[in-house]
$ cat my_file.cif   # mmCIF, C-alpha atoms
data_work
loop_
_atom_site.label_atom_id
_atom_site.label_comp_id
_atom_site.auth_asym_id
_atom_site.auth_seq_id
_atom_site.Cartn_x
_atom_site.Cartn_y
_atom_site.Cartn_z
CA MET Y 203 178.75 124.13 171.51
CA ALA Y 204 182.43 124.25 170.78
CA ILE Y 205 183.94 120.97 169.76
CA ALA Y 206 186.82 121.74 172.01
CA THR Y 207 184.71 121.08 175.04
CA GLN Y 208 183.38 117.73 173.90
CA GLY Y 209 184.56 114.24 174.61
CA THR Y 210 187.92 113.31 175.92
CA ALA Y 211 191.00 115.30 175.21
CA SER Y 212 193.09 113.88 172.42
CA ASN Y 213 196.83 113.98 172.16
CA TYR Y 214 196.57 113.80 168.43
CA LEU Y 215 193.85 116.16 167.34
CA GLN Y 216 194.08 119.88 167.78
CA ARG Y 217 190.69 121.52 168.27
CA ALA Y 218 189.58 125.12 168.36
CA PRO Y 219 186.12 126.67 168.39
CA SER Y 220 187.23 129.48 166.08
CA PRO Y 221 190.23 130.39 163.94
CA SER Y 222 193.25 131.44 165.91
CA GLY Y 223 194.70 133.99 163.56
CA LEU Y 224 193.69 136.74 161.19
CA ALA Y 225 195.05 134.72 158.28
CA ASP Y 226 192.50 131.97 158.91
CA VAL Y 227 189.70 134.49 159.32
CA VAL Y 228 190.76 136.11 156.06
CA ASP Y 229 190.52 132.72 154.37
CA LEU Y 230 186.91 132.49 155.38
CA ILE Y 231 185.63 136.00 154.86
CA LEU Y 232 187.56 137.15 151.80
CA ASP Y 233 187.49 133.87 149.91
CA LYS Y 234 184.13 132.55 150.95
CA GLY Y 235 180.69 133.82 151.85
CA LEU Y 236 177.94 135.08 149.61
CA VAL Y 237 179.02 137.48 146.90
CA ILE Y 238 176.96 140.12 145.21
CA ASP Y 239 179.42 141.33 142.64
CA ALA Y 240 178.15 144.82 142.07
CA TYR Y 241 178.44 145.54 145.75
CA VAL Y 242 181.89 144.41 146.72
CA ARG Y 243 183.33 147.75 147.58
CA ILE Y 244 185.09 148.09 150.87
CA ALA Y 245 187.35 145.19 150.12
CA VAL Y 246 188.64 146.74 146.94
CA ILE Y 247 189.02 150.15 148.46
CA GLY Y 248 190.70 149.07 151.62
CA ILE Y 249 192.61 146.00 150.71
CA GLU Y 250 193.69 146.84 147.29
CA LEU Y 251 194.34 143.86 145.14
CA ILE Y 252 195.80 141.61 147.68
CA THR Y 253 197.04 138.90 145.52
CA ILE Y 254 198.62 136.88 148.24
CA ASP Y 255 200.52 134.15 146.73
CA ALA Y 256 200.80 131.71 149.54
CA ARG Y 257 201.23 129.11 146.89
CA ILE Y 258 204.68 127.70 146.99
CA VAL Y 259 205.99 126.96 143.56
CA ILE Y 260 206.71 123.29 143.80
CA ALA Y 261 208.36 122.87 140.45
CA SER Y 262 211.50 124.92 140.94
CA VAL Y 263 215.16 124.04 141.28
CA ASP Y 264 215.31 125.95 144.57
CA THR Y 265 212.56 123.83 146.03
CA TYR Y 266 214.23 120.66 144.81
CA LEU Y 267 217.51 121.65 146.41
CA ARG Y 268 215.75 122.36 149.69
CA PHE Y 269 214.14 118.93 149.61
CA ALA Y 270 217.45 117.28 148.77
CA GLU Y 271 219.07 119.06 151.66
CA ALA Y 272 216.31 118.07 154.08
CA VAL Y 273 216.45 114.44 152.97
CA ASN Y 274 220.20 114.37 153.33
CA ARG Y 275 220.03 115.78 156.82
CA LEU Y 276 217.52 113.17 157.94
CA ASP Y 277 218.69 110.86 160.65
CA LEU Y 278 216.98 107.66 159.61
CA THR Y 279 217.97 105.82 162.77
CA GLN Y 280 216.10 108.44 164.74
CA THR Y 281 212.95 108.22 162.67
CA GLU Y 282 213.18 104.42 162.64
CA ALA Y 283 213.28 104.39 166.42
CA ALA Y 284 210.30 106.71 166.51
CA GLY Y 285 208.50 104.54 163.96
CA LEU Y 286 209.06 101.44 166.05
CA ALA Y 287 207.92 103.25 169.16
CA GLU Y 288 204.71 104.15 167.33
CA LEU Y 289 204.21 100.53 166.35
CA ARG Y 290 204.60 99.43 169.92
CA GLY Y 291 202.13 102.11 170.91
CA ASP Y 292 204.85 103.73 172.92
CA ASN Y 293 203.91 107.13 171.76
CA ASP Y 294 204.94 109.74 174.22
CA SER Y 295 207.40 111.36 171.85
CA GLY Y 296 204.46 112.65 169.82
CA GLY Y 297 206.05 110.99 166.83
CA ASN Y 298 208.33 113.88 166.24
CA GLY Y 299 211.26 111.69 165.37
CA GLY Y 300 213.74 113.51 167.54
CA GLY Y 301 212.86 116.89 166.16
CA LYS Y 302 216.30 117.54 164.74
CA ALA Y 303 215.82 118.57 161.19
CA LYS Y 304 214.39 121.94 160.36
CA GLY Y 305 214.23 121.57 156.71
CA ALA Y 306 212.41 122.06 153.51
CA MET Y 307 208.91 122.02 154.79
CA GLU Y 308 209.60 124.30 157.69
CA GLY Y 309 210.86 126.69 155.09
CA ALA Y 310 207.66 126.32 153.19
CA LYS Y 311 205.65 126.96 156.32
CA ASP Y 312 207.65 130.08 156.98
CA LYS Y 313 207.10 131.27 153.47
CA ALA Y 314 203.42 130.65 153.66
CA SER Y 315 203.09 132.45 156.92
CA ASP Y 316 205.24 135.26 155.56
CA ALA Y 317 202.80 135.65 152.74
CA LYS Y 318 199.96 135.75 155.21
CA LYS Y 319 201.89 138.14 157.38
CA SER Y 320 202.41 140.53 154.55
CA LEU Y 321 198.69 140.35 153.97
CA LYS Y 322 198.08 141.13 157.60
CA GLU Y 323 200.39 144.06 157.40
CA ARG Y 324 198.75 145.41 154.32
CA VAL Y 325 195.34 144.93 155.81
CA GLY Y 326 196.25 146.49 159.07
CA ARG Y 327 198.53 149.13 157.79
CA ASP Y 328 196.47 152.15 158.65
CA MET C 66 193.68 133.96 146.78
CA VAL C 67 192.94 136.84 144.51
CA LEU C 68 190.51 139.53 145.39
CA GLN C 69 188.27 140.79 142.69
CA THR C 70 189.43 143.89 141.00
CA PRO C 71 187.07 146.81 141.17
CA PRO C 72 184.50 146.78 138.39
CA THR C 73 185.38 150.38 137.62
CA PRO C 74 188.66 152.11 138.23
CA GLY C 75 188.83 154.66 141.00
CA THR C 76 187.27 154.53 144.39
CA PRO C 77 183.55 155.14 144.58
CA GLU C 78 182.31 157.59 147.14
CA LEU C 79 179.82 155.96 149.42
CA SER C 80 176.64 157.80 150.16
CA THR C 81 176.00 159.10 153.66
CA THR C 82 173.41 156.41 154.26
CA ALA C 83 175.56 153.51 153.13
CA LEU C 84 174.99 150.20 154.88
CA TYR C 85 177.58 147.53 155.36
CA CYS C 86 176.00 144.07 155.19
CA TYR C 87 177.28 141.07 157.18
CA GLY C 88 174.76 138.38 156.46
CA VAL C 89 171.14 137.40 156.26
CA VAL C 90 168.93 135.83 158.93
CA SER C 91 165.21 135.15 159.10
CA ALA C 92 163.15 138.17 160.12
CA ASP C 93 161.83 136.49 163.26
CA ALA C 94 165.37 135.86 164.47
CA ALA C 95 166.44 139.41 163.76
CA ALA C 96 165.22 140.85 167.06
CA SER C 97 167.94 139.07 168.99
CA GLN C 98 170.68 140.42 166.74
CA ALA C 99 172.56 143.26 168.24
CA GLY C 100 176.15 144.05 168.74
CA THR C 101 178.94 146.13 167.41
CA GLY C 102 179.92 146.23 163.81
CA LEU C 103 182.56 147.92 161.70
CA GLY C 104 183.94 151.10 163.19
CA GLY C 105 181.98 150.56 166.41
CA ALA C 106 178.60 151.16 164.77
CA SER C 107 175.74 149.09 166.10
CA VAL C 108 174.39 146.20 164.05
CA GLU C 109 170.80 146.66 162.95
CA PRO C 110 168.51 144.37 160.97
CA VAL C 111 167.02 145.61 157.72
CA ARG C 112 163.85 143.60 157.18
CA PHE C 113 162.25 142.54 153.95
CA ARG C 114 159.28 140.22 154.44
CA GLU C 115 160.61 136.97 156.01
CA LEU C 116 164.22 138.10 155.70
CA ALA C 117 166.49 140.41 157.62
CA ALA C 118 169.92 141.61 156.59
CA LEU C 119 172.36 142.37 159.39
CA THR C 120 173.83 145.77 158.67
CA SER C 121 175.60 148.68 160.20
CA PRO C 122 176.03 152.20 158.84
CA VAL C 123 179.43 152.96 157.37
CA PRO C 124 180.88 156.45 157.48
CA PRO C 125 180.43 158.65 154.43
CA GLY C 126 183.28 159.04 152.02
CA GLN C 127 185.84 156.43 151.24
CA VAL C 128 186.00 153.46 153.55
CA ARG C 129 189.24 151.68 154.10
CA ALA C 130 189.16 148.27 155.68
CA LYS C 131 191.45 147.60 158.58
CA ARG C 132 192.24 144.33 160.23
CA ALA C 133 189.89 145.11 163.08
CA ASP C 134 187.12 145.41 160.49
CA LEU C 135 187.84 141.94 159.17
CA LEU C 136 187.60 140.53 162.67
CA ARG C 137 184.40 142.52 163.33
CA HIS C 138 182.76 141.03 160.26
CA PHE C 139 183.68 137.56 161.43
CA ASP C 140 182.47 138.21 165.00
CA VAL C 141 179.10 139.66 163.96
CA LEU C 142 178.45 136.50 161.95
CA GLY C 143 179.64 134.36 164.84
CA THR C 144 177.16 136.05 167.19
CA ALA C 145 174.33 135.62 164.70
CA PHE C 146 175.27 131.97 164.30
CA GLU C 147 175.05 131.44 168.04
CA HIS C 148 171.46 132.62 167.90
CA GLY C 149 170.38 130.60 164.88
CA THR C 150 170.90 130.28 161.16
CA VAL C 151 172.81 132.88 159.22
CA VAL C 152 173.82 133.20 155.58
CA PRO C 153 177.27 134.81 155.71
CA LEU C 154 178.23 137.42 153.14
CA ARG C 155 181.75 137.91 151.96
CA PHE C 156 183.63 140.77 153.53
CA GLY C 157 183.20 144.20 152.02
CA ILE C 158 179.66 144.42 150.70
CA VAL C 159 178.02 147.82 151.04
CA PHE C 160 174.64 149.04 149.83
CA ASP C 161 173.78 152.66 149.18
CA ASP C 162 170.85 152.58 151.58
CA GLU C 163 168.07 150.39 152.96
CA ALA C 164 166.02 150.73 149.81
CA ALA C 165 168.91 149.58 147.62
CA LEU C 166 169.56 146.63 149.91
CA ALA C 167 165.96 145.46 149.64
CA ARG C 168 165.61 146.30 145.95
CA ASP C 169 168.92 144.88 144.70
CA PHE C 170 169.48 142.00 147.06
CA LEU C 171 166.72 140.81 149.41
CA GLU C 172 163.83 141.14 146.97
CA PRO C 173 165.35 139.57 143.84
CA ARG C 174 167.13 136.87 145.83
CA ARG C 175 164.34 136.22 148.32
CA ASP C 176 163.57 132.65 147.27
CA GLU C 177 167.24 131.70 147.12
CA LEU C 178 167.98 133.25 150.50
CA LEU C 179 165.00 131.51 152.09
CA GLY C 180 166.22 128.29 150.52
CA LEU C 181 169.69 128.80 151.95
CA LEU C 182 168.29 129.55 155.41
CA ARG C 183 166.29 126.31 155.24
CA LYS C 184 169.23 124.32 153.96
CA LEU C 185 171.66 125.65 156.55
CA ARG C 186 169.36 125.29 159.53
CA ASP C 187 171.02 123.28 162.30
CA ARG C 188 174.09 122.82 160.14
CA VAL C 189 177.60 123.97 160.87
CA GLU C 190 180.88 124.35 159.07
CA LEU C 191 183.87 122.44 160.39
CA ARG C 192 187.25 123.35 159.01
CA VAL C 193 189.90 120.69 158.86
CA THR C 194 193.56 121.21 158.18
CA ALA C 195 196.25 118.57 157.99
CA HIS C 196 200.01 118.95 157.75
CA TYR C 197 202.73 116.41 157.26
CA ARG C 198 205.29 115.89 159.96
CA GLU C 199 208.31 116.69 157.91
CA GLU C 200 210.81 114.17 159.17
CA ALA C 201 208.35 111.30 159.19
CA ILE C 202 207.11 111.87 155.68
CA LEU C 203 210.60 112.37 154.27
CA ALA C 204 211.84 109.23 156.01
CA GLU C 205 208.88 107.34 154.57
CA ILE C 206 209.86 108.50 151.10
CA VAL C 207 213.52 107.59 151.56
CA ARG C 208 212.57 104.11 152.73
CA THR C 209 210.02 103.33 150.07
CA ASN C 210 211.56 104.86 146.96
CA ARG C 211 214.81 103.07 146.09
CA ARG C 212 216.03 105.72 143.74
CA VAL C 213 215.57 108.36 146.45
CA GLY C 214 217.49 106.16 148.88
CA ALA C 215 220.31 105.66 146.41
CA LEU C 216 220.52 109.33 145.48
CA ARG C 217 220.55 110.25 149.13
CA GLU C 218 223.51 107.95 149.74
CA ALA C 219 225.26 109.38 146.70
CA THR C 220 224.78 113.01 147.72
CA ARG C 221 225.00 112.96 151.50
CA THR C 222 228.63 113.96 151.57
CA GLY C 223 228.24 116.42 148.74
CA GLY C 224 226.96 115.32 145.37
CA SER C 225 226.76 117.10 142.07
CA HIS C 226 224.17 119.82 141.59
CA GLN C 227 222.49 117.62 139.02
CA LEU C 228 222.07 114.70 141.41
CA LEU C 229 220.76 116.98 144.15
CA VAL C 230 218.18 118.44 141.82
CA GLU C 231 217.17 114.95 140.72
CA LEU C 232 216.84 113.85 144.34
CA GLY C 233 214.75 116.88 145.25
CA GLU C 234 212.57 116.49 142.22
CA LEU C 235 211.83 112.87 143.07
CA VAL C 236 211.03 113.78 146.67
CA SER C 237 208.72 116.54 145.49
CA ALA C 238 206.89 114.14 143.16
CA GLU C 239 206.55 111.59 145.95
CA LEU C 240 205.15 114.23 148.27
CA GLN C 241 202.56 115.25 145.73
CA ALA C 242 201.56 111.64 145.17
CA ARG C 243 201.28 111.06 148.90
CA THR C 244 199.28 114.24 149.34
CA ALA C 245 196.80 113.11 146.71
CA ARG C 246 196.47 109.69 148.39
CA ASP C 247 196.08 111.15 151.86
CA VAL C 248 193.48 113.67 150.69
CA ARG C 249 191.48 110.83 149.15
CA ALA C 250 191.77 108.72 152.29
CA THR C 251 190.77 111.64 154.54
CA LEU C 252 187.76 112.55 152.42
CA GLU C 253 186.64 108.91 152.33
CA ARG C 254 186.48 108.94 156.11
CA LEU C 255 184.88 112.32 156.61
CA GLN C 256 182.61 112.69 153.62
CA PRO C 257 180.01 110.18 154.87
CA LEU C 258 179.55 112.33 157.98
CA ALA C 259 179.10 115.57 156.07
CA LEU C 260 176.45 116.90 153.74
CA GLU C 261 178.94 118.74 151.56
CA TYR C 262 182.58 119.54 151.56
CA ASP C 263 184.73 122.24 150.06
CA LEU C 264 188.37 121.53 149.43
CA ASP C 265 190.67 124.55 149.25
CA ALA C 266 192.89 124.28 146.23
CA GLU C 267 196.07 125.86 147.39
CA PRO C 268 199.01 123.51 147.24
CA ILE C 269 201.36 124.56 149.98
CA GLU C 270 203.89 121.79 150.06
CA HIS C 271 203.72 120.74 153.68
CA GLN C 272 199.96 120.87 153.73
CA VAL C 273 197.99 117.72 153.13
CA LEU C 274 194.65 119.45 152.98
CA ARG C 275 192.55 122.38 154.04
CA ALA C 276 188.86 121.71 153.73
CA SER C 277 185.49 122.71 155.10
CA PHE C 278 182.69 120.28 155.85
CA LEU C 279 179.01 121.10 156.23
CA VAL C 280 177.77 118.94 159.06
CA ASP C 281 174.43 118.45 160.81
CA ARG C 282 174.79 119.83 164.28
CA LYS C 283 173.67 116.47 165.63
CA ARG C 284 176.47 114.73 163.79
CA VAL C 285 179.24 116.98 165.06
CA PRO C 286 180.20 114.49 167.81
CA ALA C 287 180.40 111.68 165.25
CA PHE C 288 182.52 113.84 162.96
CA ASP C 289 184.72 114.75 165.87
CA LYS C 290 185.15 111.11 166.77
CA ALA C 291 186.10 110.21 163.21
CA MET C 292 188.60 113.06 163.19
CA GLU C 293 190.08 111.87 166.43
CA GLU C 294 190.46 108.31 165.13
CA LEU C 295 192.02 109.56 161.94
CA ALA C 296 194.41 111.79 163.83
CA ALA C 297 195.41 108.93 166.14
CA GLU C 298 196.02 106.56 163.23
CA GLN C 299 198.08 109.11 161.36
CA ALA C 300 199.78 110.62 164.41
CA ALA C 301 203.22 109.54 163.27
CA ARG C 302 203.07 111.40 159.98
CA ILE C 303 200.18 113.92 159.90
CA ASP C 304 198.99 116.64 162.29
CA PHE C 305 195.26 117.26 162.13
CA LYS C 306 193.40 120.30 163.34
CA VAL C 307 189.67 120.97 163.38
CA VAL C 308 188.12 124.41 163.84
CA GLY C 309 184.46 125.05 164.50
CA PRO C 310 181.51 124.90 164.61
CA LEU C 311 181.55 127.97 162.38
CA PRO C 312 178.87 129.77 160.39
CA PRO C 313 178.65 128.12 156.97
CA HIS C 314 180.93 130.57 155.13
CA SER C 315 181.98 127.96 152.58
CA PHE C 316 178.52 126.72 151.69
CA VAL C 317 176.63 129.72 150.39
CA SER C 318 176.31 130.86 146.81
CA LEU C 319 173.73 132.44 144.59
CA GLU C 320 172.68 131.09 141.23
CA GLY C 321 174.14 132.89 138.25
CA ARG C 322 175.35 135.78 140.33
CA ARG C 323 175.80 138.89 138.38
#
$ encode --input "my_file.cif" --output "structure tokens"
Amino acid sequence: MAIATQGTASNYLQRAPSPSGLADVVDLILDKGLVIDAYVRIAVIGIELITIDARIVIASVDTYLRFAEAVNRLDLTQTEAAGLAELRGDNDSGGNGGGKAKGAMEGAKDKASDAKKSLKERVGRD
Amino acid sequence: MVLQTPPTPGTPELSTTALYCYGVVSADAAASQAGTGLGGASVEPVRFRELAALTSPVPPGQVRAKRADLLRHFDVLGTAFEHGTVVPLRFGIVFDDEAALARDFLEPRRDELLGLLRKLRDRVELRVTAHYREEAILAEIVRTNRRVGALREATRTGGSHQLLVELGELVSAELQARTARDVRATLERLQPLALEYDLDAEPIEHQVLRASFLVDRKRVPAFDKAMEELAAEQAARIDFKVVGPLPPHSFVSLEGRR
């Protein structure tokens, strides 16, 4: 019944029958699911007040500087070539535009996964 | 994501007969539910009329959740979902004993739970995430916003702090605008194939969206096809991922919960 087994394989769409990491499981079972307030107990005992802030503060000078840096490092000729290749349907590069810059958004990804990691550590600490 | 704070300070001692509750199934489906729950205890149904709660005993004294427990909770629900319809509970719900479970949950919420079981029958949750490809989206912004292009030229070989901040701020605003547009466009494509959707509101800057869709099992292939088309169209700038079918974690709630 997993989607992953249906149809033809796609180069574009990533499929998985279930979440691949604890962070994604945590999303589903700590944030969602039926709640009966009076009875939420284990979570508060075991995982005390995990206020994971995976939210990246967008409106900060630091973030702006990271974006500026990433934009300045961009090689537009590279991404143009990739863009044209996409238009021609010549798509074997996976549209990754040369994959040179590791910039602002990578940083954000790292931060987000750091936040999740620290959650994992706290959850799994004993 | 913020977990609820305890209603009372301190850590309550659980009674020796405490039952951890994973979810609710219909009583006639309960027989096929077995497996291992938190701490290796076996999962047992607690029946109340047409309903059965999937439970396992938790050790007396204070219980501390570990990561393995989180995964156990998820797996027990996954197994139940393979056998039929399940109403997933959030992690961490414990009742003092069977009587309390029936008295405080199954009995007063019987109609709602039966309604949920009917509503969720043959329906699955599909979780969709989408991320921008950094270089592509930034290049798009540089090409389409003249001021960004000009500021980039002005700062490439070292501009003033002020200009860099202005450049970054413009890029950030463009990203947010694009995110909003792409979320709308994605939902327009997927919403017609779903009964409900639930959009996570957690603006991580590279993330276009993280959302769950409640889909008729029969329409999963159609949803998958739409996802694949969308991913192919957007392949140059957005990476899409779909996870599921999952138990409907995101589509259960009780009216006026206490």
$ resolve_selection --input "my_file.cif" --expression "the PyMOL selection byres ((chain Y and resi 262-271) around 7)" --output "list of chain:residue names"
Y:Val259, Y:Ile260, Y:Ala261, Y:Ala272, Y:Val273, Y:Asn274, Y:Arg275, Y:Ala306, C:Leu229, C:Val230, C:Leu232, C:Gly233, C:Glu234, C:Val236, C:Ser237
$ write_last_selection --input "my_file.cif" --atoms "C-alpha atoms" --output "CSV table (one decimal), in the frame of the given file"
chain,number,residue,atom,x,y,z
Y,259,VAL,CA,206.0,127.0,143.6
Y,260,ILE,CA,206.7,123.3,143.8
Y,261,ALA,CA,208.4,122.9,140.4
Y,272,ALA,CA,216.3,118.1,154.1
Y,273,VAL,CA,216.4,114.4,153.0
Y,274,ASN,CA,220.2,114.4,153.3
Y,275,ARG,CA,220.0,115.8,156.8
Y,306,ALA,CA,212.4,122.1,153.5
C,229,LEU,CA,220.8,117.0,144.2
C,230,VAL,CA,218.2,118.4,141.8
C,232,LEU,CA,216.8,113.8,144.3
C,233,GLY,CA,214.8,116.9,145.2
C,234,GLU,CA,212.6,116.5,142.2
C,236,VAL,CA,211.0,113.8,146.7
C,237,SER,CA,208.7,116.5,145.5
$ residues_near_point --input "my_file.cif" --point "(181.6, 143.1, 164.9)" --cutoff "6 Å" --atoms "only C-alpha atoms" --output "list in words"
Thr101, Gly102, Leu103, Arg137, His138, Asp140 and Val141 of chain C
$ write_last_selection --input "my_file.cif" --atoms "C-alpha atoms" --output "PDB file, keeping the file's coordinate frame"
ATOM      1  CA  THR C 101     178.940 146.130 167.410  1.00  0.00           C
ATOM      2  CA  GLY C 102     179.920 146.230 163.810  1.00  0.00           C
ATOM      3  CA  LEU C 103     182.560 147.920 161.700  1.00  0.00           C
ATOM      4  CA  ARG C 137     184.400 142.520 163.330  1.00  0.00           C
ATOM      5  CA  HIS C 138     182.760 141.030 160.260  1.00  0.00           C
ATOM      6  CA  ASP C 140     182.470 138.210 165.000  1.00  0.00           C
ATOM      7  CA  VAL C 141     179.100 139.660 163.960  1.00  0.00           C
TER       8      VAL C 141
END
$ closest_residue --input "my_file.cif" --among "C:His196, C:Arg188, C:His226, C:Arg183" --to "Ala301 (chain C)" --atoms "only C-alpha atoms"
C:His196
$ resolve_selection --input "my_file.cif" --expression "the PyMOL selection byres ((chain C and resi 189) around 8)" --output "CSV table (one decimal) with C-alpha atoms, in the coordinates of the input"
chain,number,residue,atom,x,y,z
C,185,LEU,CA,171.7,125.6,156.6
C,187,ASP,CA,171.0,123.3,162.3
C,188,ARG,CA,174.1,122.8,160.1
C,190,GLU,CA,180.9,124.4,159.1
C,191,LEU,CA,183.9,122.4,160.4
C,279,LEU,CA,179.0,121.1,156.2
C,280,VAL,CA,177.8,118.9,159.1
C,281,ASP,CA,174.4,118.4,160.8
C,282,ARG,CA,174.8,119.8,164.3
C,309,GLY,CA,184.5,125.0,164.5
C,310,PRO,CA,181.5,124.9,164.6
C,311,LEU,CA,181.6,128.0,162.4
C,312,PRO,CA,178.9,129.8,160.4
C,313,PRO,CA,178.6,128.1,157.0
$ atom_distance --input "my_file.cif" --atom1 "CA of Glu177 (chain C)" --atom2 "CA of Ile231 (chain Y)"
20.4 Å
$ atom_distance --input "my_file.cif" --atom1 "CA of Arg243 (chain C)" --atom2 "CA of Thr279 (chain Y)"
22.3 Å
$ resolve_selection --input "my_file.cif" --expression "the PyMOL selection byres ((chain C and resi 121) around 9)" --output "list in words"
Ala83, Leu84, Tyr85, Cys86, Tyr87, Thr101, Gly102, Leu103, Ala106, Ser107, Val108, Glu109, Pro110, Leu119, Thr120, Pro122 and Val123 of chain C
$ residues_near_point --input "my_file.cif" --point "(188.4, 119.8, 167.3)" --cutoff "7 Å" --atoms "all atoms listed in the file" --output "PyMOL selection string"
(chain Y and resi 205-206+215-218) or (chain C and resi 289+306-308)
$ write_last_selection --input "my_file.cif" --atoms "C-alpha atoms" --output "short mmCIF file (atom, residue, chain, number, x, y, z; two decimals), keeping the file's coordinate frame"
data_model
loop_
_atom_site.label_atom_id
_atom_site.label_comp_id
_atom_site.auth_asym_id
_atom_site.auth_seq_id
_atom_site.Cartn_x
_atom_site.Cartn_y
_atom_site.Cartn_z
CA ILE Y 205 183.94 120.97 169.76
CA ALA Y 206 186.82 121.74 172.01
CA LEU Y 215 193.85 116.16 167.34
CA GLN Y 216 194.08 119.88 167.78
CA ARG Y 217 190.69 121.52 168.27
CA ALA Y 218 189.58 125.12 168.36
CA ASP C 289 184.72 114.75 165.87
CA LYS C 306 193.40 120.30 163.34
CA VAL C 307 189.67 120.97 163.38
CA VAL C 308 188.12 124.41 163.84
#
$ closest_residue --input "my_file.cif" --among "C:Lys184, C:Arg208, C:His148, C:His314" --to "chain Y" --atoms "all atoms listed in the file"
C:His314
$ closest_residue --input "my_file.cif" --among "C:Asp134, C:Glu253, C:Glu115, C:Glu163" --to "chain Y" --atoms "only C-alpha atoms"
C:Asp134
